[in-house]
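Asks: My structure is in input.cif, and what it holds is mmCIF, C-alpha atoms:
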data_data
#
loop_
_atom_site.label_atom_id
_atom_site.label_comp_id
_atom_site.auth_asym_id
_atom_site.auth_seq_id
_atom_site.Cartn_x
_atom_site.Cartn_y
_atom_site.Cartn_z
CA MET A 1 -46.36 0.80 36.01
CA ARG A 2 -47.36 -1.25 39.05
CA TRP A 3 -49.05 1.68 40.77
CA MET A 4 -51.38 1.63 37.79
CA ARG A 5 -51.80 -2.12 38.11
CA ALA A 6 -52.76 -1.56 41.70
CA ALA A 7 -55.13 0.86 40.03
CA GLY A 8 -53.87 -1.55 37.15
CA ARG A 9 -55.30 -4.70 38.50
CA ALA A 10 -57.76 -2.04 39.77
CA LEU A 11 -58.54 -1.00 36.23
CA LEU A 12 -58.60 -4.61 35.19
CA VAL A 13 -61.41 -5.84 37.36
CA ALA A 14 -63.76 -4.09 34.98
CA ALA A 15 -62.03 -5.78 32.08
CA VAL A 16 -62.64 -9.17 33.62
CA LEU A 17 -66.24 -8.36 34.32
CA VAL A 18 -66.96 -7.71 30.68
CA ALA A 19 -64.47 -9.96 28.92
CA GLY A 20 -67.07 -12.62 28.31
CA TYR A 21 -69.32 -10.32 26.33
CA SER A 22 -67.27 -9.80 23.19
CA GLY A 23 -68.34 -11.27 19.89
CA PHE A 24 -72.01 -12.00 20.56
CA GLY A 25 -73.29 -9.68 17.83
CA VAL A 26 -76.46 -8.76 19.73
CA HIS A 27 -78.35 -5.65 18.60
CA ALA A 28 -81.00 -3.79 20.57
CA ASP A 29 -84.25 -3.01 18.83
CA ALA A 30 -84.76 0.44 17.32
CA GLY A 31 -86.99 1.55 20.18
CA ALA A 32 -84.43 0.63 22.79
CA ALA A 33 -81.70 2.33 20.82
CA SER A 34 -83.74 5.53 20.66
CA ARG A 35 -83.88 5.45 24.44
CA GLY A 36 -80.11 5.17 24.69
CA ARG A 37 -80.10 1.43 25.24
CA GLY A 38 -78.23 -1.28 23.41
CA PRO A 39 -74.88 -3.09 23.19
CA LEU A 40 -71.85 -1.49 24.84
CA THR A 41 -68.10 -1.40 24.51
CA LEU A 42 -65.93 -0.97 27.59
CA VAL A 43 -62.28 0.02 27.19
CA THR A 44 -59.67 -0.65 29.84
CA ALA A 45 -56.02 -1.45 30.33
CA GLY A 46 -54.76 -4.96 29.63
CA ASP A 47 -53.45 -7.75 31.91
CA LEU A 48 -56.67 -9.61 32.60
CA THR A 49 -57.48 -11.41 35.79
CA ASP A 50 -59.84 -14.35 35.60
CA TYR A 51 -62.08 -14.55 38.65
CA LEU A 52 -65.53 -13.12 37.81
CA PRO A 53 -67.34 -15.46 35.35
CA PRO A 54 -70.46 -15.65 37.58
CA LEU A 55 -70.86 -11.88 37.35
CA LEU A 56 -70.62 -12.05 33.58
CA ASP A 57 -73.40 -14.63 33.59
CA ASP A 58 -75.54 -12.41 35.80
CA TRP A 59 -75.13 -9.43 33.49
CA ASN A 60 -75.90 -11.57 30.41
CA ARG A 61 -79.04 -13.02 31.92
CA GLY A 62 -80.30 -9.64 33.05
CA HIS A 63 -79.32 -7.66 29.93
CA PRO A 64 -79.56 -9.84 26.83
CA ASP A 65 -79.83 -6.81 24.53
CA GLU A 66 -77.05 -4.84 26.24
CA ARG A 67 -74.09 -7.17 26.03
CA VAL A 68 -70.69 -5.64 26.53
CA THR A 69 -67.69 -5.96 24.23
CA LEU A 70 -64.29 -5.51 25.83
CA VAL A 71 -61.49 -3.53 24.22
CA GLU A 72 -58.17 -4.21 25.95
CA LEU A 73 -55.38 -1.69 25.60
CA PRO A 74 -51.71 -2.20 26.63
CA ASP A 75 -50.64 -2.79 30.23
CA SER A 76 -48.75 0.51 30.31
CA ALA A 77 -50.77 3.38 31.76
CA ASP A 78 -49.13 5.86 29.39
CA GLU A 79 -49.94 3.73 26.33
CA THR A 80 -53.49 3.12 27.52
CA ARG A 81 -54.07 6.83 28.02
CA ALA A 82 -52.56 7.69 24.63
CA GLN A 83 -54.71 5.18 22.76
CA MET A 84 -57.87 6.24 24.58
CA ILE A 85 -57.19 9.88 23.75
CA SER A 86 -56.46 9.10 20.10
CA GLU A 87 -59.82 7.35 19.74
CA LEU A 88 -61.74 9.99 21.67
CA ARG A 89 -60.24 12.84 19.65
CA SER A 90 -61.36 11.15 16.45
CA GLY A 91 -65.01 11.63 17.38
CA ARG A 92 -65.81 7.99 16.66
CA ASP A 93 -68.27 6.09 18.85
CA ARG A 94 -66.15 2.98 19.38
CA PHE A 95 -66.09 3.32 23.17
CA ASP A 96 -69.07 3.67 25.50
CA VAL A 97 -67.65 3.15 28.99
CA LEU A 98 -64.07 4.05 29.83
CA ASN A 99 -62.19 2.71 32.83
CA ILE A 100 -59.77 5.55 33.54
CA ASP A 101 -57.17 6.27 36.16
CA VAL A 102 -58.44 8.72 38.74
CA ALA A 103 -55.82 11.29 37.68
CA TRP A 104 -57.24 11.46 34.15
CA THR A 105 -60.76 12.53 35.07
CA SER A 106 -60.08 16.27 34.98
CA GLU A 107 -58.18 16.09 31.70
CA PHE A 108 -60.85 13.99 29.97
CA ALA A 109 -63.67 16.16 31.31
CA ALA A 110 -62.05 19.46 30.33
CA ALA A 111 -61.45 18.14 26.81
CA GLY A 112 -65.10 17.13 26.42
CA TRP A 113 -64.27 13.45 25.93
CA ILE A 114 -66.54 12.22 28.75
CA SER A 115 -70.06 13.28 29.62
CA PRO A 116 -71.22 14.77 32.92
CA LEU A 117 -73.34 12.38 34.96
CA ASP A 118 -76.42 12.83 37.11
CA ARG A 119 -75.29 12.67 40.74
CA ASP A 120 -78.70 11.34 41.78
CA ARG A 121 -78.26 8.35 39.48
CA PHE A 122 -75.55 6.81 41.67
CA PRO A 123 -75.36 6.12 45.45
CA LEU A 124 -72.42 8.42 46.06
CA ASP A 125 -73.24 8.73 49.76
CA ALA A 126 -72.43 5.03 50.12
CA PHE A 127 -68.88 5.56 48.89
CA LEU A 128 -65.86 6.60 50.90
CA ARG A 129 -66.07 10.39 50.83
CA PRO A 130 -62.69 11.31 49.29
CA VAL A 131 -63.03 8.94 46.33
CA VAL A 132 -65.98 10.91 44.97
CA ASP A 133 -63.77 13.98 44.64
CA THR A 134 -61.55 12.11 42.16
CA ALA A 135 -64.56 11.77 39.85
CA THR A 136 -65.47 15.46 39.74
CA PHE A 137 -64.23 18.43 37.75
CA ASP A 138 -65.34 22.04 37.92
CA GLY A 139 -68.07 21.14 40.39
CA ARG A 140 -69.67 18.42 38.24
CA LEU A 141 -69.63 14.62 38.36
CA TYR A 142 -67.90 13.17 35.29
CA ALA A 143 -67.27 9.58 36.43
CA VAL A 144 -68.14 7.11 39.17
CA PRO A 145 -65.45 5.69 41.48
CA TYR A 146 -64.82 2.01 40.92
CA VAL A 147 -61.64 1.06 42.78
CA THR A 148 -59.69 3.18 45.22
CA ASN A 149 -56.18 3.02 46.60
CA ALA A 150 -54.15 4.78 49.28
CA GLY A 151 -50.54 4.55 50.32
CA LEU A 152 -49.52 2.68 53.47
CA LEU A 153 -46.29 2.51 55.46
CA TYR A 154 -45.10 -1.10 55.69
CA TYR A 155 -42.65 -1.83 58.49
CA ARG A 156 -40.71 -4.75 59.94
CA LYS A 157 -42.75 -5.47 63.03
CA ASP A 158 -40.33 -8.11 64.29
CA ILE A 159 -37.45 -5.66 64.29
CA LEU A 160 -39.33 -2.76 65.90
CA ASP A 161 -40.67 -5.16 68.56
CA ARG A 162 -37.13 -6.33 69.27
CA GLU A 163 -36.05 -2.70 69.69
CA GLY A 164 -39.05 -1.86 71.88
CA GLU A 165 -40.29 0.68 69.31
CA GLN A 166 -43.70 1.54 67.88
CA PRO A 167 -44.13 2.25 64.15
CA PRO A 168 -43.47 5.92 63.38
CA ARG A 169 -46.25 8.52 63.34
CA THR A 170 -44.06 11.45 62.33
CA TRP A 171 -41.23 12.04 59.87
CA ALA A 172 -38.83 12.66 62.75
CA GLU A 173 -39.60 9.23 64.21
CA LEU A 174 -39.31 7.60 60.80
CA ALA A 175 -35.96 9.27 60.10
CA ARG A 176 -34.56 8.33 63.52
CA GLN A 177 -35.59 4.70 63.29
CA ALA A 178 -34.52 4.36 59.64
CA ARG A 179 -31.15 5.96 60.40
CA THR A 180 -30.32 4.18 63.67
CA ILE A 181 -32.16 0.84 63.67
CA ALA A 182 -31.94 -0.29 60.04
CA PRO A 183 -28.11 -0.43 59.89
CA LYS A 184 -28.01 -2.66 62.99
CA TYR A 185 -29.84 -5.31 60.97
CA GLY A 186 -28.09 -4.73 57.67
CA LEU A 187 -31.17 -3.09 56.13
CA ASP A 188 -31.85 0.04 54.13
CA GLY A 189 -34.01 2.48 56.04
CA TYR A 190 -36.85 3.69 53.85
CA ALA A 191 -38.01 3.53 50.25
CA GLY A 192 -40.91 4.73 48.17
CA GLN A 193 -41.28 5.02 44.41
CA PHE A 194 -38.57 7.49 43.47
CA LEU A 195 -37.80 6.73 39.83
CA PRO A 196 -38.98 9.65 37.63
CA TYR A 197 -42.44 8.38 36.57
CA GLU A 198 -45.96 8.75 37.89
CA GLY A 199 -45.03 7.08 41.17
CA LEU A 200 -42.62 9.90 41.95
CA THR A 201 -45.41 12.42 41.42
CA VAL A 202 -47.48 10.46 43.93
CA ASN A 203 -44.69 10.35 46.52
CA VAL A 204 -43.92 14.07 46.16
CA THR A 205 -47.60 15.03 46.36
CA GLU A 206 -47.91 12.99 49.55
CA ALA A 207 -44.86 14.65 51.06
CA VAL A 208 -46.11 18.15 50.24
CA HIS A 209 -49.61 17.50 51.61
CA SER A 210 -48.23 15.68 54.68
CA ALA A 211 -46.40 18.91 55.53
CA GLY A 212 -49.62 20.92 55.17
CA GLY A 213 -49.00 22.21 51.65
CA SER A 214 -50.38 21.66 48.18
CA ILE A 215 -49.24 21.81 44.56
CA LEU A 216 -52.32 23.15 42.77
CA ARG A 217 -55.68 24.36 43.99
CA ASP A 218 -59.15 24.74 42.54
CA ASP A 219 -59.34 23.82 38.85
CA GLY A 220 -55.61 23.55 38.38
CA THR A 221 -55.00 27.20 37.51
CA ARG A 222 -53.86 28.29 40.98
CA VAL A 223 -50.26 27.28 41.71
CA THR A 224 -49.56 26.87 45.43
CA VAL A 225 -46.32 24.89 45.54
CA ASP A 226 -43.94 27.77 46.38
CA SER A 227 -44.74 27.65 50.09
CA ALA A 228 -42.97 26.87 53.33
CA ALA A 229 -44.97 23.66 53.71
CA ALA A 230 -44.11 22.43 50.21
CA ARG A 231 -40.44 23.17 50.84
CA THR A 232 -40.67 21.15 54.05
CA GLY A 233 -42.07 18.20 52.13
CA LEU A 234 -39.31 18.34 49.53
CA ARG A 235 -36.71 18.69 52.29
CA PHE A 236 -37.96 15.50 53.95
CA LEU A 237 -37.11 13.56 50.78
CA ALA A 238 -33.81 15.33 50.15
CA ASP A 239 -32.65 14.89 53.75
CA GLY A 240 -33.37 11.17 53.56
CA VAL A 241 -30.96 10.81 50.66
CA ARG A 242 -28.36 13.15 52.14
CA ASP A 243 -28.43 11.42 55.53
CA GLY A 244 -28.43 7.94 54.03
CA TRP A 245 -31.70 6.53 55.37
CA ILE A 246 -33.06 6.66 51.83
CA SER A 247 -30.56 4.63 49.84
CA ARG A 248 -29.39 5.64 46.38
CA ASP A 249 -30.82 2.34 45.13
CA ALA A 250 -34.30 3.61 46.04
CA LEU A 251 -33.96 6.41 43.48
CA GLY A 252 -34.47 3.72 40.84
CA TYR A 253 -37.50 2.06 42.44
CA LYS A 254 -41.01 1.80 41.05
CA GLU A 255 -43.76 -0.15 42.82
CA GLU A 256 -42.44 -3.60 42.06
CA GLU A 257 -38.78 -2.91 42.74
CA SER A 258 -39.62 -1.40 46.12
CA ARG A 259 -42.02 -4.23 46.97
CA GLN A 260 -39.39 -6.80 46.12
CA ALA A 261 -36.81 -5.04 48.27
CA PHE A 262 -39.17 -5.13 51.26
CA GLN A 263 -40.34 -8.67 50.58
CA ASP A 264 -36.74 -9.88 50.30
CA GLY A 265 -35.98 -8.46 53.74
CA ARG A 266 -33.82 -5.54 52.60
CA LEU A 267 -35.93 -2.64 53.95
CA LEU A 268 -37.10 -1.52 57.36
CA PHE A 269 -39.80 0.78 55.97
CA LEU A 270 -41.67 0.96 52.66
CA ARG A 271 -44.31 3.29 51.28
CA ASN A 272 -46.49 1.39 48.80
CA TRP A 273 -50.08 0.43 47.89
CA PRO A 274 -52.28 -2.17 49.63
CA TYR A 275 -51.52 -4.91 47.09
CA VAL A 276 -48.15 -5.36 48.82
CA TYR A 277 -49.88 -6.76 51.92
CA ALA A 278 -50.94 -9.95 50.17
CA ASP A 279 -47.67 -10.37 48.27
CA ALA A 280 -45.44 -9.79 51.29
CA GLY A 281 -47.50 -12.18 53.38
CA ALA A 282 -47.52 -14.99 50.83
CA ASP A 283 -45.58 -18.25 50.99
CA GLY A 284 -41.99 -17.69 49.97
CA SER A 285 -41.84 -14.12 51.24
CA LYS A 286 -38.94 -13.56 53.64
CA VAL A 287 -41.08 -11.19 55.72
CA ALA A 288 -44.31 -13.23 55.89
CA GLY A 289 -45.72 -12.90 59.40
CA ARG A 290 -43.05 -10.34 60.32
CA PHE A 291 -44.42 -7.03 59.08
CA GLY A 292 -47.25 -4.60 59.67
CA ALA A 293 -48.86 -1.63 57.93
CA VAL A 294 -49.88 1.76 59.31
CA PRO A 295 -50.95 5.10 57.82
CA LEU A 296 -48.19 7.23 56.35
CA PRO A 297 -46.43 9.50 58.84
CA GLY A 298 -46.29 13.26 58.31
CA ALA A 299 -44.42 16.32 59.46
CA ASP A 300 -46.11 16.58 62.87
CA GLY A 301 -48.39 13.54 62.99
CA PRO A 302 -50.24 11.22 60.63
CA GLY A 303 -49.53 12.10 57.01
CA THR A 304 -51.63 12.32 53.88
CA SER A 305 -51.80 9.72 51.13
CA VAL A 306 -52.61 10.33 47.50
CA LEU A 307 -55.69 8.56 46.21
CA GLY A 308 -55.14 5.97 43.52
CA GLY A 309 -57.61 3.74 41.74
CA SER A 310 -59.89 4.00 38.75
CA ASN A 311 -63.16 5.65 37.76
CA LEU A 312 -65.80 4.62 35.23
CA ALA A 313 -66.86 7.28 32.74
CA VAL A 314 -69.24 7.49 29.78
CA SER A 315 -67.78 8.65 26.48
CA SER A 316 -69.33 11.81 25.09
CA HIS A 317 -69.84 9.81 21.86
CA ALA A 318 -71.41 6.79 23.59
CA ARG A 319 -74.01 5.05 21.45
CA HIS A 320 -76.14 3.91 24.37
CA PRO A 321 -75.60 6.17 27.38
CA ALA A 322 -78.53 4.78 29.39
CA SER A 323 -77.12 1.26 29.17
CA ALA A 324 -73.69 2.65 29.96
CA ALA A 325 -75.01 4.18 33.19
CA ASP A 326 -76.63 0.88 34.12
CA LEU A 327 -73.35 -0.97 33.59
CA ILE A 328 -71.56 1.51 35.84
CA SER A 329 -74.21 1.02 38.51
CA TYR A 330 -73.69 -2.74 38.26
CA LEU A 331 -69.92 -2.52 38.53
CA THR A 332 -70.16 -0.26 41.58
CA SER A 333 -72.91 -2.23 43.35
CA GLU A 334 -72.09 -3.57 46.79
CA ARG A 335 -72.14 -7.20 45.61
CA VAL A 336 -69.62 -6.56 42.84
CA GLN A 337 -67.51 -4.34 45.10
CA ARG A 338 -67.29 -7.19 47.60
CA GLN A 339 -65.93 -9.38 44.80
CA VAL A 340 -63.41 -6.67 43.92
CA LEU A 341 -61.97 -7.12 47.41
CA THR A 342 -62.41 -10.84 48.05
CA LYS A 343 -61.42 -12.09 44.60
CA GLY A 344 -59.20 -9.28 43.35
CA SER A 345 -57.57 -8.09 46.59
CA LEU A 346 -58.33 -4.54 45.45
CA PRO A 347 -59.66 -1.71 47.63
CA PRO A 348 -63.39 -1.16 47.00
CA VAL A 349 -65.11 2.23 47.10
CA ARG A 350 -68.11 1.16 49.18
CA ALA A 351 -67.65 2.42 52.75
CA ALA A 352 -69.68 -0.33 54.44
CA LEU A 353 -67.28 -3.03 53.27
CA TYR A 354 -64.50 -1.52 55.41
CA GLU A 355 -66.58 -2.11 58.55
CA ASP A 356 -67.73 -5.65 57.76
CA PRO A 357 -66.40 -7.90 60.59
CA GLU A 358 -66.05 -10.92 58.31
CA LEU A 359 -64.02 -8.97 55.78
CA ILE A 360 -61.84 -7.43 58.49
CA ARG A 361 -61.00 -10.91 59.79
CA ALA A 362 -59.92 -11.93 56.30
CA TYR A 363 -58.22 -8.60 55.48
CA PRO A 364 -56.88 -7.17 58.75
CA TYR A 365 -55.43 -4.10 57.02
CA LEU A 366 -58.91 -2.77 56.11
CA PRO A 367 -59.27 -0.40 59.11
CA THR A 368 -55.83 1.08 58.39
CA LEU A 369 -56.64 1.40 54.71
CA ARG A 370 -59.96 3.06 55.49
CA GLN A 371 -58.18 5.59 57.70
CA SER A 372 -55.67 6.29 54.93
CA VAL A 373 -58.35 6.72 52.26
CA LEU A 374 -60.43 9.04 54.44
CA SER A 375 -57.47 11.36 54.94
CA ALA A 376 -56.18 11.05 51.37
CA VAL A 377 -56.19 13.67 48.60
CA PRO A 378 -56.37 13.45 44.80
CA ARG A 379 -53.34 14.21 42.70
CA PRO A 380 -53.30 17.80 41.38
CA LYS A 381 -56.39 18.42 39.27
CA SER A 382 -55.57 19.95 35.92
CA PRO A 383 -56.80 19.75 32.32
CA ARG A 384 -53.10 19.32 31.48
CA TYR A 385 -52.32 16.79 34.17
CA ASP A 386 -49.74 14.93 32.07
CA GLN A 387 -47.63 18.09 31.81
CA VAL A 388 -48.08 18.83 35.51
CA SER A 389 -46.89 15.36 36.45
CA LEU A 390 -43.82 15.53 34.21
CA ALA A 391 -42.84 18.87 35.76
CA VAL A 392 -43.18 17.47 39.29
CA GLN A 393 -41.08 14.44 38.38
CA ALA A 394 -38.28 16.47 36.81
CA VAL A 395 -37.99 18.86 39.74
CA ALA A 396 -38.25 16.11 42.37
CA GLN A 397 -35.55 14.10 40.63
CA ASP A 398 -33.15 17.03 40.92
CA VAL A 399 -34.03 17.52 44.60
CA MET A 400 -33.47 13.88 45.50
CA ALA A 401 -30.27 13.77 43.46
CA LEU A 402 -29.18 16.78 45.59
CA ARG A 403 -28.69 18.94 42.51
CA GLN A 404 -31.15 21.57 43.76
CA THR A 405 -32.18 22.74 47.19
CA PRO A 406 -35.84 22.44 48.22
CA GLU A 407 -36.07 26.24 48.05
CA GLN A 408 -34.76 26.33 44.49
CA ALA A 409 -36.95 23.42 43.48
CA ALA A 410 -40.18 24.89 44.87
CA ALA A 411 -39.58 28.18 43.06
CA ARG A 412 -38.71 26.38 39.81
CA LEU A 413 -41.76 24.13 40.02
CA ALA A 414 -44.04 27.09 40.70
CA HIS A 415 -42.68 28.81 37.59
CA GLU A 416 -43.11 25.72 35.40
CA LEU A 417 -46.63 25.00 36.67
CA GLY A 418 -47.57 28.61 36.15
CA SER A 419 -46.50 28.33 32.51
CA ILE A 420 -48.53 25.13 32.09
CA SER A 421 -51.64 26.67 33.66
CA ARG A 422 -51.47 29.68 31.30
CA LYS A 423 -51.44 27.52 28.17
CA GLY A 424 -54.65 27.84 26.23
#
Represent the structure from my file as structure tokens, please.

Replies:
Amino acid sequence: MRWMRAAGRALLVAAVLVAGYSGFGVHADAGAASRGRGPLTLVTAGDLTDYLPPLLDDWNRGHPDERVTLVELPDSADETRAQMISELRSGRDRFDVLNIDVAWTSEFAAAGWISPLDRDRFPLDAFLRPVVDTATFDGRLYAVPYVTNAGLLYYRKDILDREGEQPPRTWAELARQARTIAPKYGLDGYAGQFLPYEGLTVNVTEAVHSAGGSILRDDGTRVTVDSAAARTGLRFLADGVRDGWISRDALGYKEEESRQAFQDGRLLFLRNWPYVYADAGADGSKVAGRFGAVPLPGADGPGTSVLGGSNLAVSSHARHPASAADLISYLTSERVQRQVLTKGSLPPVRAALYEDPELIRAYPYLPTLRQSVLSAVPRPKSPRYDQVSLAVQAVAQDVMALRQTPEQAAARLAHELGSISRKG
């Protein structure tokens, strides 16, 4: 899933950082081991990038007895999660540091697979405020944010300029422009990620929150989706399909399909992650120099994005937890976070980087992305998040296929989520 690779490449920066450490066979002395120090294993998704050898050298020079071995799992987020869980359930100590999608933190914490962390050990105040919430469960810190992500609305600036229009700030403006302007230029109006997979959960959660609603509250046991606001969010998506400004083709889009449609000049508007900015602006793109990006619109004004990205956690069976915490501090340091952006084109979690004039010149979307992250929300927190997400996808698919009304769908989803939350 490309949303995971945008977490995905987001997850993979950590993989690159530690790839050079495998196979050294270094062992810490017994005294260091008794203090929780020694060699480490970091597990992450696959699909390596190759841009951080100097950082590997720095870690090696500074930590000769705490070298890191990389374990790469498949590119697929679902397969990565399944293999991590299988190993963690076994009780073995193969993994020390886990690079996990932000949506998995609650599940892993509730299951006892990752250890709570000392908040004072990490400079959380230096991070963008909402990203810290993705790393907590039941009031405790269980991970440290590493890479963040927030949805943006990409638009054809050349076309809106020609029409004398500004990019939309509300759903009504988006619908009007997508319905009336796009056909004049032979374009589809609007697309997100509407295939039934995790991306659909993200898009639905954004729609519900952008209308002032929510899906779950607190620790995931309070179901809040059967509300007027949630119905409004579902109606926004259903109306787009019914009125034709969301094309039927878009119901089969994931991240990459929707990016390609925009990049090929077939869309007026696209909801997607920040990685699209570089791809759409690259040589060979039909929209290079002709598009812009703004925060997502909402029901009555600016909308709400879902937070993506990845967090770093320490396995509850970690052999060397003190070294693991040091590695996490290194990976989330400002110097490494700058490399995450400049070499990986991935959104860092350090707030100061979004206000750096040099970085803004190189990455002009940073102020917009910062605004989106600061107003963003996590996906529903639940110890059974995988079941929650599948329920959201199934219901949303029926709404967008016009098989159920938003009213029917909200009531059905509330019932299904209530059943999930009552499972022991």

Asks: Just give me the gap between CA of Leu216 (chain A) and CA of Ala401 (chain A) in Å, one decimal is fine.

Replies: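 CA of Ala401 (chain A) lies 24.0 Å from CA of Leu216 (chain A).
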
Asks: Which residues match the PyMOL selection byres ((chain A and resi 249-257) around 8) in the file above, as a count of residues only?

Replies: 18

Asks: Assuming the chain letters and numbering stay as they are in my file, what does the PyMOL selection byres ((chain A and resi 314-330) around 9) actually select? List them as a ChimeraX atom specification.

Replies: /A:33-42,59,66,68,88,91-98,112-117,121-123,142-144,146,312-313,331-336

Asks: Please expand the PyMOL selection byres ((chain A and resi 367) around 12) into the concrete residues it hits in this file, giving the result as an MDAnalysis selection string.

Replies: chainID A and resid 152 274 293:295 347 351:357 359:366 368:374

Asks: At what distance in Å, to one decimal, does CA of Arg156 (chain A) lie from CA of Ala207 (chain A)?

Replies: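 Distance between the two atoms: 21.7 Å.
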